[in-house]
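Have a look at entry06.txt below; it lists compact mmCIF, C-alpha atoms and all ligand atoms.
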# COMPACT_ATOMS: atom_id res chain seq x y z
CA MET A 1 9.46 -27.26 15.57
CA GLU A 2 8.31 -26.77 12.00
CA ASN A 3 10.49 -24.54 9.83
CA PRO A 4 8.51 -21.31 9.11
CA VAL A 5 9.13 -21.51 5.35
CA THR A 6 7.97 -25.16 5.32
CA LYS A 7 4.87 -24.12 7.29
CA ALA A 8 4.06 -21.43 4.71
CA ILE A 9 4.50 -23.93 1.88
CA ASN A 10 2.17 -26.38 3.63
CA THR A 11 -0.59 -23.75 3.74
CA ALA A 12 0.45 -22.20 0.46
CA TRP A 13 -1.79 -19.55 -1.04
CA PRO A 14 -1.78 -15.76 -0.78
CA LYS A 15 -3.93 -14.39 2.06
CA ILE A 16 -6.15 -11.63 0.71
CA SER A 17 -7.80 -9.08 2.98
CA VAL A 18 -10.78 -6.76 2.62
CA THR A 19 -10.94 -3.40 4.35
CA SER A 20 -14.33 -1.76 4.84
CA LYS A 21 -13.00 1.60 3.62
CA LEU A 22 -12.38 0.38 0.08
CA ASP A 23 -15.94 -0.65 -0.89
CA GLY A 24 -14.97 -4.32 -0.66
CA ILE A 25 -11.93 -3.96 -2.93
CA ARG A 26 -9.37 -6.57 -1.91
CA SER A 27 -5.75 -6.17 -0.96
CA TRP A 28 -2.57 -8.13 -0.24
CA SER A 29 -0.68 -6.86 2.79
CA LEU A 30 2.31 -7.35 5.07
CA GLN A 31 2.89 -6.45 8.69
CA ALA A 32 3.37 -2.68 9.11
CA LEU A 33 6.77 -1.32 10.19
CA ASP A 34 8.45 -4.79 10.07
CA THR A 35 8.42 -4.49 6.27
CA CYS A 36 8.69 -0.70 5.98
CA PRO A 37 12.36 0.33 5.69
CA GLY A 38 11.21 3.55 4.03
CA SER A 39 9.42 4.55 7.25
CA ILE A 40 12.68 5.13 9.12
CA GLU A 41 14.06 8.66 9.18
CA SER A 42 17.06 7.86 11.37
CA PRO A 43 17.86 4.93 13.71
CA GLY A 44 14.86 4.50 16.01
CA VAL A 45 12.92 7.44 14.53
CA LEU A 46 9.97 7.10 12.13
CA VAL A 47 9.09 9.69 9.52
CA ASP A 48 6.14 11.83 10.63
CA ALA A 49 3.64 10.15 8.30
CA CYS A 50 4.40 6.73 9.84
CA LYS A 51 4.25 7.84 13.48
CA GLY A 52 0.46 7.82 13.31
CA CYS A 53 0.17 4.77 11.02
CA TYR A 54 -3.38 3.34 11.20
CA ALA A 55 -1.95 -0.15 10.61
CA THR A 56 -0.21 -0.21 14.01
CA THR A 57 -3.34 0.37 16.06
CA GLY A 58 -7.05 -0.59 16.32
CA ASN A 59 -8.02 -3.85 14.61
CA TYR A 60 -4.54 -4.22 13.17
CA VAL A 61 -3.08 -5.33 16.52
CA PHE A 62 -5.38 -8.39 16.74
CA SER A 63 -3.73 -11.73 16.07
CA ASN A 64 -6.32 -12.71 13.44
CA VAL A 65 -5.42 -9.56 11.47
CA LYS A 66 -1.66 -9.93 11.96
CA ALA A 67 -1.58 -13.65 11.06
CA PRO A 68 -2.35 -13.30 7.32
CA ARG A 69 0.22 -10.50 7.02
CA GLU A 70 2.88 -12.66 8.66
CA HIS A 71 1.86 -15.61 6.46
CA ASN A 72 2.24 -13.45 3.33
CA ARG A 73 5.78 -12.47 4.29
CA LEU A 74 6.90 -16.08 3.86
CA ASP A 75 4.33 -17.15 1.30
CA TRP A 76 5.44 -14.74 -1.46
CA GLN A 77 8.79 -16.53 -1.58
CA ARG A 78 7.24 -19.68 -3.06
CA ILE A 79 7.93 -20.42 -6.73
CA ASP A 80 4.18 -20.69 -7.48
CA TRP A 81 3.19 -17.47 -5.72
CA THR A 82 2.96 -15.35 -8.88
CA ASP A 83 0.77 -17.95 -10.63
CA ASN A 84 -1.42 -18.16 -7.52
CA MET A 85 -1.85 -14.38 -7.34
CA VAL A 86 -2.82 -14.16 -11.02
CA ALA A 87 -5.43 -16.90 -10.45
CA GLU A 88 -6.65 -15.17 -7.25
CA LEU A 89 -7.25 -11.90 -9.13
CA GLU A 90 -9.30 -13.47 -11.91
CA ARG A 91 -12.51 -11.69 -10.84
CA ASP A 92 -11.02 -8.48 -9.40
CA ARG A 93 -11.32 -5.26 -11.37
CA TYR A 94 -9.56 -3.14 -8.73
CA PHE A 95 -6.84 -4.27 -6.33
CA ARG A 96 -4.92 -2.53 -3.57
CA TRP A 97 -1.38 -3.60 -2.76
CA LEU A 98 -0.19 -3.14 0.81
CA ASP A 99 -3.00 -1.78 2.88
CA SER A 100 -0.25 -2.25 5.45
CA GLY A 101 3.48 -2.93 5.03
CA ASP A 102 5.68 -2.13 2.04
CA LEU A 103 7.62 -3.81 -0.79
CA TYR A 104 10.66 -4.37 1.42
CA SER A 105 12.38 -6.80 -1.01
CA LEU A 106 13.39 -6.24 -4.63
CA ALA A 107 12.55 -9.89 -5.37
CA LEU A 108 9.03 -9.28 -4.05
CA ALA A 109 8.72 -6.07 -6.11
CA GLU A 110 9.69 -8.01 -9.25
CA LYS A 111 7.05 -10.64 -8.51
CA VAL A 112 4.38 -7.97 -7.94
CA LEU A 113 5.35 -6.42 -11.29
CA GLU A 114 4.80 -9.79 -12.96
CA VAL A 115 1.36 -10.12 -11.34
CA MET A 116 0.46 -6.64 -12.62
CA GLN A 117 1.66 -7.50 -16.13
CA ARG A 118 -0.36 -10.73 -16.19
CA THR A 119 -3.63 -9.19 -14.90
CA PRO A 120 -4.39 -6.38 -17.41
CA TRP A 121 -8.15 -6.64 -16.58
CA CYS A 122 -7.47 -5.38 -13.06
CA LYS A 123 -6.44 -1.87 -11.97
CA HIS A 124 -3.70 -1.94 -9.33
CA TRP A 125 -2.93 0.77 -6.77
CA LEU A 126 0.43 0.53 -5.02
CA PRO A 127 1.41 3.14 -2.39
CA THR A 128 5.06 2.88 -1.30
CA ARG A 129 8.07 4.57 0.30
CA MET A 130 10.56 2.18 -1.34
CA HIS A 131 11.35 4.82 -3.99
CA LYS A 132 13.92 6.07 -1.49
CA PHE A 133 16.11 3.09 -2.38
CA PRO A 134 17.67 3.46 -5.86
CA LYS A 135 17.69 -0.27 -6.64
CA PHE A 136 13.86 -0.21 -6.78
CA ARG A 137 13.62 2.55 -9.38
CA MET A 138 13.75 0.30 -12.44
CA VAL A 139 10.92 -1.94 -11.24
CA PHE A 140 8.73 1.07 -10.35
CA ASP A 141 9.44 2.56 -13.80
CA GLN A 142 8.27 -0.71 -15.38
CA MET A 143 5.12 -0.72 -13.24
CA ARG A 144 4.33 2.86 -14.23
CA GLN A 145 4.49 1.99 -17.91
CA LEU A 146 1.50 -0.33 -17.43
CA ASP A 147 -1.93 1.19 -18.18
CA ASN A 148 -3.52 -0.72 -15.29
CA VAL A 149 -1.11 0.39 -12.56
CA SER A 150 -1.02 3.47 -10.32
CA VAL A 151 2.18 3.61 -8.23
CA ARG A 152 2.07 6.41 -5.65
CA PHE A 153 5.22 7.45 -3.83
CA SER A 154 4.11 8.60 -0.37
CA ALA A 155 5.38 11.89 1.08
CA ASP A 156 6.74 11.66 4.63
CA SER A 157 5.15 14.87 5.90
CA ILE A 158 1.89 15.45 7.77
CA ASP A 159 1.65 19.15 6.96
CA GLY A 160 0.46 18.69 3.37
CA SER A 161 3.87 19.28 1.79
CA PHE A 162 5.24 17.15 -1.05
CA ILE A 163 7.84 17.19 -3.80
CA PRO A 164 6.15 17.92 -7.16
CA GLY A 165 6.90 15.28 -9.75
CA LEU A 166 7.99 12.75 -7.12
CA HIS A 167 5.23 12.19 -4.60
CA GLY A 168 1.82 10.77 -5.51
CA SER A 169 0.22 11.28 -2.10
CA THR A 170 0.58 13.42 1.00
CA ILE A 171 -1.11 13.89 4.38
CA GLY A 172 -2.26 17.20 5.88
CA PRO A 173 -3.93 18.18 9.14
CA ALA A 174 -7.30 19.01 7.52
CA ALA A 175 -9.07 19.24 4.17
CA ASP A 176 -8.49 22.99 3.91
CA THR A 177 -4.71 22.43 4.25
CA PHE A 178 -4.47 21.63 0.57
CA GLN A 179 -4.50 24.00 -2.36
CA GLN A 180 -6.92 23.19 -5.18
CA ILE A 181 -4.57 22.85 -8.15
CA ASP A 182 -4.70 20.87 -11.38
CA GLY A 183 -3.68 17.24 -11.08
CA VAL A 184 -4.42 17.19 -7.34
CA SER A 185 -7.36 15.37 -5.78
CA LEU A 186 -8.58 15.66 -2.19
CA CYS A 187 -9.61 12.40 -0.55
CA ARG A 188 -13.18 12.95 0.60
CA ALA A 189 -13.62 9.66 2.45
CA TYR A 190 -14.16 11.78 5.59
CA GLU A 191 -17.48 12.91 4.05
CA HIS A 192 -18.61 9.28 3.69
CA GLU A 193 -17.91 7.79 7.12
CA GLY A 194 -14.32 7.05 6.11
CA LYS A 195 -15.28 5.03 3.03
CA CYS A 196 -14.34 5.50 -0.64
CA SER A 197 -18.04 5.30 -1.63
CA GLY A 198 -17.36 4.83 -5.32
CA CYS A 199 -14.31 7.12 -5.59
CA ARG A 200 -11.41 5.43 -7.39
CA ALA A 201 -9.02 8.39 -7.59
CA CYS A 202 -6.12 6.46 -6.06
CA TRP A 203 -6.21 4.06 -9.02
CA ASP A 204 -6.41 6.90 -11.58
CA LYS A 205 -3.03 7.42 -13.21
CA SER A 206 -4.07 10.83 -14.57
CA ILE A 207 -4.27 12.21 -11.00
CA GLU A 208 -0.75 13.16 -9.97
CA LEU A 209 -1.31 13.69 -6.26
CA ILE A 210 -3.88 12.55 -3.70
CA CYS A 211 -4.16 14.67 -0.54
CA TYR A 212 -5.35 12.81 2.53
CA PRO A 213 -6.73 14.82 5.49
CA ALA A 214 -5.34 13.19 8.64
CA HIS A 215 -7.63 10.74 10.38
CA GLY A 216 -7.46 8.27 13.24
CA ARG A 217 -6.78 8.95 16.90
CA LYS A 218 -3.09 8.07 16.69
CA MET A 219 -2.42 10.37 13.73
CA MET A 220 -4.36 13.23 15.31
CA LYS A 221 -2.19 12.84 18.40
CA VAL A 222 0.96 13.06 16.25
CA ILE A 223 -0.41 16.14 14.49
CA GLY A 224 -1.32 17.66 17.87
CA ILE A 225 2.18 17.05 19.18
CA LYS A 226 3.71 18.56 16.05
CA SER A 227 1.62 21.71 16.26
CA ILE A 228 2.57 22.54 19.87
S1 LIG A 301 -8.99 9.38 -2.77
FE1 LIG A 301 -10.84 8.21 -3.29
S2 LIG A 301 -10.06 6.13 -3.78
FE2 LIG A 301 -8.43 7.18 -2.65
S3 LIG A 301 -8.74 6.58 -0.49
FE3 LIG A 301 -9.80 8.57 -0.83
S4 LIG A 301 -11.91 8.01 -1.31
FE4 LIG A 301 -10.67 6.13 -1.60
Structure re-expressed in structure tokens:
Amino acid sequence: MENPVTKAINTAWPKISVTSKLDGIRSWSLQALDTCPGSIESPGVLVDACKGCYATTGNYVFSNVKAPREHNRLDWQRIDWTDNMVAELERDRYFRWLDSGDLYSLALAEKVLEVMQRTPWCKHWLPTRMHKFPKFRMVFDQMRQLDNVSVRFSADSIDGSFIPGLHGSTIGPAADTFQQIDGVSLCRAYEHEGKCSGCRACWDKSIELICYPAHGRKMMKVIGIKSI
């Protein structure tokens, strides 16, 4: 049986995905939960925001959607991966890291930082829960110093709460959950059939917090359970 690392090397190149929500903006992703240590509240228990994760249901359970994410988990470990990503992003002006999954490895985070540094023509949006682990702080600080990078630490709650100055995004039950305050932007994809439709707030470093109204059947079920 072929060694999985050898198999990745034999088909070496990052697998890029496109989600309809993001107006065709491309992303590089990993398998949800398997690469999300920040999603765990206590052994066997996910934080509320991850209980309804869209990336564990719907199209994301199909093998053709899972396969590129599993490929990427091995592929990033190649020596040439950073060079390949920089070449892959030559024509991108916006890029989303981790539509699913998270930066589970410090070595991966350092490689992503290098890609960001070497692609100043492209705006990068990176949502993550890895800020919970102190060893990642330095690499996130370096990412945040780049003009073309928006790193958003995700809050764990689904009631709209967040820690000011720490979190860059939070989820609430509905649009009217959130207070209209300076530096806060409400995601209005729900007004556009779930699509960004030209909005690029998540990539905008000047916006401190994005508030996402809950969506998706699984998340609504979690919210329903919580509100009983
Ligand atoms: S805030 Fe704007 S850019 Fe971010 S997900 Fe919502 S619509 Fe898209």
**Study point:** Among the residues A:Lys195, A:Lys132, A:Arg91, A:Lys123, the one that comes closest to Arg144 of chain A [using only C-alpha atoms]
**Key:**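 Smallest separation from Arg144 of chain A among the options: A:Lys123.
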Study note, to complete from the structure: Between A:Val149, A:Met116, A:Leu98, A:Val86, smallest distance to Cys36 of chain A by all atoms listed in the file belongs to A:Leu98
Report the closest atom pair, with its distance in Å rounded to one decimal, for each residue of chain A that has an atom no farther than 6 Å from ligand LIG 301 (chain A); count only C-alpha atoms and all ligand atoms, sort by chain and then rising residue number, and write it as a Markdown table.
| residue | atom | partner | partner_atom | distance |
| --- | --- | --- | --- | --- |
| A:Cys187 | CA | A:LIG301 | S1 | 3.8 |
| A:Arg188 | CA | A:LIG301 | S4 | 5.4 |
| A:Ala189 | CA | A:LIG301 | S4 | 4.4 |
| A:Cys196 | CA | A:LIG301 | S4 | 3.6 |
| A:Cys199 | CA | A:LIG301 | FE1 | 4.3 |
| A:Arg200 | CA | A:LIG301 | S2 | 3.9 |
| A:Ala201 | CA | A:LIG301 | S2 | 4.6 |
| A:Cys202 | CA | A:LIG301 | FE2 | 4.2 |
Check your understanding: What is the atom CA of Thr82 of chain A to atom CA of Val112 of chain A distance in Å?
Key ->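 Between atom CA of Thr82 of chain A and atom CA of Val112 of chain A the gap works out to 7.6 Å.
In this model, the gap between atom CA of Asp141 of chain A and atom CA of Ala109 of chain A comes to 11.6 Å.
For the choices A:Glu70, A:Glu193, A:Glu41, A:Asp159, the atom-to-atom distance to Gly101 of chain A is smallest for A:Glu70 when using all atoms listed in the file.
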Point to revise | Shell of 10 Å around Thr119 of chain A, all atoms listed in the file, local chain residues under 3 positions omitted, as an NGL selection string | key: :A and (85-87 or 89-90 or 92-93 or 114-116 or 122-124 or 148)
**Study point:** Nearest candidate to Leu106 of chain A (options A:Asn64, A:Pro120, A:Met130, A:Trp125; using all atoms listed in the file)
**Key:**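 Using all atoms listed in the file, the shortest distance to Leu106 of chain A belongs to A:Met130.
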Review point. Hey, can you check how far atom CA of Met219 of chain A sits from atom CA of Cys53 of chain A?
Key: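 Taking atom CA of Met219 of chain A and atom CA of Cys53 of chain A, their separation equals 6.7 Å.
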If you take only C-alpha atoms and a cut-off of 12 Å, which residues of segment 31-134 of chain A touch segment 161-166 of chain A, and what are their nearest atom pairs and distances in Å to one decimal, in chain and number order, as CSV?
residue,atom,partner,partner_atom,distance
A:Asp48,CA,A:Ser161,CA,11.8
A:Ala49,CA,A:Ser161,CA,11.2
A:Thr128,CA,A:Leu166,CA,11.8
A:Arg129,CA,A:Leu166,CA,11.0
A:His131,CA,A:Leu166,CA,9.2
A:Lys132,CA,A:Leu166,CA,10.6
**Study point:** Contact residues around Gln145 of chain A with all atoms listed in the file at 12 Å, ignoring same-chain residues under 4 positions, as a PyMOL selection string
**Key:** chain A and resi 113+116-117+138-141+149-151+205
Check your understanding: Pick from A:Tyr94, A:Phe133, A:Phe178, A:Tyr60: nearest to Ala214 of chain A, with only C-alpha atoms counted?
Key ->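 Answer, going by the shortest atom-to-atom distance: A:Phe178.
Nearest residue to Pro127 of chain A, choosing from A:Cys50, A:Met220, A:Leu103, A:Val18 and counting all atoms listed in the file: A:Leu103.
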Work out where the centre of an axis-aligned box around every listed atom of segment 83-93 of chain A lies and how long its edges are once 4 Å is added on each side; give both in Å to one decimal as AutoDock Vina command-line options.
--center_x -5.9 --center_y -11.7 --center_z -9.6 --size_x 21.3 --size_y 20.9 --size_z 12.7
Dig up all the protein and nucleic acid residues within 10 Å of (-5.1, 18.5, -7.6) in the file frame, using all atoms listed in the file, and format them as a PDB file with C-alpha atoms, in the frame of the given file.
ATOM      1  CA  PHE A 178      -4.470  21.630   0.570  1.00  0.00           C
ATOM      2  CA  GLN A 179      -4.500  24.000  -2.360  1.00  0.00           C
ATOM      3  CA  GLN A 180      -6.920  23.190  -5.180  1.00  0.00           C
ATOM      4  CA  ILE A 181      -4.570  22.850  -8.150  1.00  0.00           C
ATOM      5  CA  ASP A 182      -4.700  20.870 -11.380  1.00  0.00           C
ATOM      6  CA  GLY A 183      -3.680  17.240 -11.080  1.00  0.00           C
ATOM      7  CA  VAL A 184      -4.420  17.190  -7.340  1.00  0.00           C
ATOM      8  CA  SER A 185      -7.360  15.370  -5.780  1.00  0.00           C
ATOM      9  CA  LEU A 186      -8.580  15.660  -2.190  1.00  0.00           C
ATOM     10  CA  ILE A 207      -4.270  12.210 -11.000  1.00  0.00           C
ATOM     11  CA  GLU A 208      -0.750  13.160  -9.970  1.00  0.00           C
ATOM     12  CA  LEU A 209      -1.310  13.690  -6.260  1.00  0.00           C
ATOM     13  CA  ILE A 210      -3.880  12.550  -3.700  1.00  0.00           C
ATOM     14  CA  CYS A 211      -4.160  14.670  -0.540  1.00  0.00           C
TER      15      CYS A 211
END
